[in-house]
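Novice: Sharing a structure below in structure tokens format, with a few things to ask.
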2 protein chains.
Amino acid sequence: MPSQSESAESRSKQASGVVSLRTLSAHLGLSVAAISRVLSGSPAARSIPPATQERIFAAARELNYRPNLLARSLRRGQSTSVGVLIPDMSEGYSAHVLAGIEETLSAAGYVLVMITHHHREEVLAKSERIFAERAVDAVILVGTTLQLYGTTPTVTVSCPDPHPHVTNIVLDHARAAELALRHLHGLGHRKIAVIKGHPVSSDTEVRWRSIERAAAALGLPLPPERVVQMDEELQTNEPGYRATRKLLGQSRDFSAVFAFNDVSAIGAVAALQDAGLSVPEDVSVMGFDDVAFARVHRPSLTTVRQPLHQMGVMAANAVLDQLSRSGEAHTAAVEVVVEPELMVRATTMSAAVCAVAAAA
Amino acid sequence: MPSQSESAESRSKQASGVVSLRTLSAHLGLSVAAISRVLSGSPAARSIPPATQERIFAAARELNYRPNLLARSLRRGQSTSVGVLIPDMSEGYSAHVLAGIEETLSAAGYVLVMITHHHREEVLAKSERIFAERAVDAVILVGTTLQLYGTTPTVTVSCPDPHPHVTNIVLDHARAAELALRHLHGLGHRKIAVIKGHPVSSDTEVRWRSIERAAAALGLPLPPERVVQMDEELQTNEPGYRATRKLLGQSRDFSAVFAFNDVSAIGAVAALQDAGLSVPEDVSVMGFDDVAFARVHRPSLTTVRQPLHQMGVMAANAVLDQLSRSGEAHTAAVEVVVEPELMVRATTMSAAVCAVAAAA
DNA sequence: TTGAAAGCGCTACCAA
DNA sequence: TTGGTAGCGCTTTCAA
């Protein structure tokens, strides 16, 4: 009824049907400020009587009020959004990590600003602009060479370049290589071939160095003719297939193949079979990552499991943690190391062992 | 040098280091309005001399100016963001569609506001609030029962409920069923078992009805004992494995299995093999979707291909199309029908056929 | 050709 | 306990 409110109401473009604080203000005869305090859960709301608060909540519900987060973000200087830079999203590795990130951050009310770069330099360069324009509160990089975004809190997953102000979630690569090679060694393998990743993959270098060290520790030689590198970053089995063909051309003097990841391991199995070898009877194959189809594939794939989903969750939590105490001194460099796990399946089991396992 | 600019400068919180139009204004001695016109590519910029424009661009580059899209969105009443509601993102189907959406929309300067609902009712309900608060310009629903978001332009992919104002990208299910059954029929199969999808999957009903019709047209009976339904929505091979076990318990009188999707087809292959049957010698198996591992799996999976990536691209383009002519009358209901494609691979080839194919 | 100013919806400061 | 109001950074009329 207050005519003053009426005029405020008509001044606004209510024809558009958007319910703002002004709409509620006119409806309730209360100030915009009071309503904002109550609905945004501001600490200042404590000084407003419960009866009034209830009236405000009721009106908000009735008129279906939605705060405009763009306006809130502009005012508060934070957008409750997090930038995510990832090579790809339609393949296993990224998808698992991304799911963990998404789940955690959206539960906390955040929204993702996702960029998939497909390892293209121009997209990486553009990412800074996009994140800045959208005013993301933080950035998560997955499997990507480090990009720095000024003072924006940054968390990385499996990024090769450590940096004093960036939290990095990394696998214990030394342990991973040890698990894999020790397992093969334990099965009696002494001549092990290795498929290195494509140079563009962020884990390629560190993985290879870890394998070299673990092999040396076990006294396993890694002569050049038993090492091949993938010629493409494609997330299909083809690069692994081709790499294994090349390997077979260089040498047949090996009894096990340690592939860069699961998808290339599947390609390796196919190439070995096409060459008339059987897996695991003639050659054992070991994958890496434990993506969904590693278990599903026949023969099921022995692999070193990276807890990818959990790594996504950890990255998201690291972001939330940094954002929650953004007033404090810059946190020291953190490297969160996660543990790999050996998943023993059919591709490293002899037929006899398989039968026993199936019976169990 | 203009002291007036100086004061404008100092009034602002330049200590924060954020370069806004005001910063540029102070730097250049030009009005905020003029700079905005030039940098935002407004048509009004044509009335500004090239020399001045160049000066403005130079300063923007030099000071690394980034427009604040939050502020722009607030002012313009559109956010250049699109909401995407999807069951899951870490499995094949959604990931392929999502990749197409992401690729297309991010090339157009849009950002996604993604919600994964995992078929949980409360998340679906919450989605409206999230999209409204973030002021998305449009919404894309993937494999989800229709949600209506007021006047927000909406495009759906594989959604069961047509609606007069919603563009729906759908597969030609009749054609898909016909392709699959005709192929099996052509191989001589007369007793075909079917694994129906879980009731929660948006394609389950329409897929089943199409199969019934195509089977009738070919004179193929579908007795209840040769039909099973998946008991879970999980995107692993397990529901398909269990369904096939159940099927084998009900009947062994079939020579082919048409699974609901690729992942359940893989489960079916495993279950058949575990029951001592070989694929495709004893039983042929047909999948649906053609996700990445259908080709990679051994035996490789014959399947009905949905152009999932392309469907994502089409959905994104439909959104862009609607947004570009938002002044015009509401476009009529559109149903974009995409064509399935039969991918013949090993699981429906007899050993003899396989050998021929491998030689080719 | 350029600038002043209103205002998008919100929050937070300062008064009352 | 409540309200007025400045202002986040931007675009866009309206004037000059």
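Labeling convention for the structure tokens: chains A, B, ... as they appear, residues from 1 per chain, ligands from 1 in order of appearance.
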Tell me the residues of chain B close to chain D, meaning within 8 Å using only C-alpha atoms (C1' of nucleotides), as number ranges by chain.

Specialist: B: 20-21, 36, 68, 71-72, 74-76

Novice: As an mmCIF file with C-alpha atoms, in the first residue's frame, could you give me every residue of chain A near chain B (at most 6 Å apart, counting only C-alpha atoms)?

Specialist:
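Ended up saving to result.cif:
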data_model
loop_
_atom_site.group_PDB
_atom_site.id
_atom_site.type_symbol
_atom_site.label_atom_id
_atom_site.label_comp_id
_atom_site.auth_asym_id
_atom_site.auth_seq_id
_atom_site.Cartn_x
_atom_site.Cartn_y
_atom_site.Cartn_z
ATOM 1 C CA ARG A 66 16.109 -15.670 -7.401
ATOM 2 C CA PRO A 67 19.120 -13.573 -6.503
ATOM 3 C CA ASN A 68 20.980 -12.435 -9.584
ATOM 4 C CA LEU A 69 24.404 -13.957 -9.085
ATOM 5 C CA LEU A 70 25.907 -11.746 -11.754
ATOM 6 C CA SER A 90 35.473 -37.137 -24.083
ATOM 7 C CA ALA A 95 36.452 -37.407 -17.708
ATOM 8 C CA HIS A 96 37.174 -39.202 -14.457
ATOM 9 C CA GLU A 133 36.836 -11.910 -18.203
ATOM 10 C CA ARG A 134 34.616 -14.365 -16.374
#

Novice: At a cut-off of 8 Å, using only C-alpha atoms (C1' of nucleotides), what residues contact range 214-219 of chain B? Leave out same-chain residues fewer than 5 positions from it and give the result as JSON, numbers by chain.

Specialist: {"B": [174, 177, 178, 181, 182, 185]}

Novice: Run DSSP on the backbone of this structure and report the residues of range 16-135 of chain B it assigns to strand (DSSP E), as a ChimeraX atom specification.

Specialist: /B:81-86,111-116

Novice: Based on the selection just made, write N, CA and C atoms of those residues as a compact mmCIF listing (two decimals), in the first residue's frame.

Specialist:
# COMPACT_ATOMS: atom_id res chain seq x y z
N SER B 81 26.22 -17.37 -21.54
CA SER B 81 26.45 -18.68 -20.95
C SER B 81 25.23 -19.55 -21.24
N VAL B 82 25.46 -20.83 -21.31
CA VAL B 82 24.38 -21.77 -21.61
C VAL B 82 24.38 -22.87 -20.55
N GLY B 83 23.23 -23.13 -19.98
CA GLY B 83 23.14 -24.21 -19.00
C GLY B 83 23.07 -25.56 -19.69
N VAL B 84 23.77 -26.54 -19.14
CA VAL B 84 23.72 -27.90 -19.69
C VAL B 84 23.36 -28.86 -18.56
N LEU B 85 22.30 -29.59 -18.76
CA LEU B 85 21.85 -30.55 -17.75
C LEU B 85 22.03 -31.94 -18.32
N ILE B 86 22.79 -32.76 -17.63
CA ILE B 86 23.24 -34.03 -18.19
C ILE B 86 23.30 -35.07 -17.08
N VAL B 111 30.03 -19.89 -22.52
CA VAL B 111 30.57 -20.71 -21.45
C VAL B 111 29.45 -21.62 -20.98
N LEU B 112 29.79 -22.79 -20.51
CA LEU B 112 28.75 -23.72 -20.07
C LEU B 112 28.56 -23.65 -18.56
N VAL B 113 27.32 -23.71 -18.15
CA VAL B 113 27.03 -23.91 -16.74
C VAL B 113 26.49 -25.34 -16.64
N MET B 114 27.37 -26.24 -16.21
CA MET B 114 27.02 -27.65 -16.27
C MET B 114 26.46 -28.18 -14.96
N ILE B 115 25.41 -28.94 -15.09
CA ILE B 115 24.88 -29.66 -13.93
C ILE B 115 24.76 -31.13 -14.31
N THR B 116 25.36 -31.99 -13.51
CA THR B 116 25.17 -33.42 -13.72
C THR B 116 24.22 -33.91 -12.64

Novice: Can you check which residues of chain C have any atom within 12 Å of chain B? Use only C-alpha atoms (C1' of nucleotides) and format it as a list in words.

Specialist: DT1, DT2, DG3, DA4, DA5, DA6, DG7, DC8, DG9 and DC10 of chain C

Novice: Can you write just those residues out, C-alpha atoms (C1' of nucleotides), as a PDB file, in the first residue's frame?

Specialist:
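What landed in result.pdb:
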ATOM      1  C1'  DT C   1      32.842  13.461 -32.644  1.00  0.00           C
ATOM      2  C1'  DT C   2      32.648  13.140 -27.621  1.00  0.00           C
ATOM      3  C1'  DG C   3      30.969  13.188 -22.790  1.00  0.00           C
ATOM      4  C1'  DA C   4      27.783  13.058 -18.776  1.00  0.00           C
ATOM      5  C1'  DA C   5      24.904  10.290 -16.470  1.00  0.00           C
ATOM      6  C1'  DA C   6      21.490   6.740 -15.553  1.00  0.00           C
ATOM      7  C1'  DG C   7      21.029   2.307 -14.089  1.00  0.00           C
ATOM      8  C1'  DC C   8      21.449  -3.263 -14.531  1.00  0.00           C
ATOM      9  C1'  DG C   9      20.717  -5.944  -9.137  1.00  0.00           C
ATOM     10  C1'  DC C  10      23.176  -6.441  -5.514  1.00  0.00           C
TER      11       DC C  10
END

Novice: Just to confirm, what's the straight-line distance from CA of Pro223 in chain A to CA of Leu184 in chain A in Å (one decimal)?

Specialist: 17.0 Å

Novice: Just how far from CA of Phe258 in chain A is CA of Leu301 in chain A, in Å to one decimal?

Specialist: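 About the pair CA of Leu301 in chain A and CA of Phe258 in chain A: they are 11.4 Å apart.
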
Novice: Give me the residues near Ala193 in chain A as a PyMOL selection string, where near means some atom within 9 Å (using only C-alpha atoms (C1' of nucleotides)) and where sequence neighbours in that chain fewer than 5 positions away do not count.

Specialist: chain A and resi 222-223+225-228+247+253-259

Novice: Run DSSP on the backbone and grab whatever in range 115-273 of chain A lands in helix (DSSP H, G or I); send it over as a ChimeraX atom specification.

Specialist: /A:121-133,173-186,204-218,224-226,238-250,262-273

Novice: Would you pick out the contacts of Leu63 in chain B at 12 Å or less, using only C-alpha atoms (C1' of nucleotides), so that residues sharing its chain but fewer than 5 positions from it are not included, and give the list as number ranges by chain?

Specialist: B: 17-21, 23-28, 56-58

Novice: So what do you get for CA of Gly150 in chain A versus CA of Ala138 in chain A, distance-wise?

Specialist: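 Between these atoms lies a distance of 10.7 Å.
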
Novice: Please provide the set of residues having any atom within 9 Å of Thr152 in chain B, restricted to only C-alpha atoms (C1' of nucleotides), with same-chain residues fewer than 3 positions apart removed, written as a list in words.

Specialist: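 Listing them by chain and then by number gives Val136, Asp137, Ala138, Val139, Leu148 and Tyr149 of chain B.
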
Novice: Return the single residue from A:Leu124, A:Leu179, A:Val279, A:Leu141 that is closest to Ile101 in chain A, with distances computed using only C-alpha atoms.

Specialist: A:Leu141
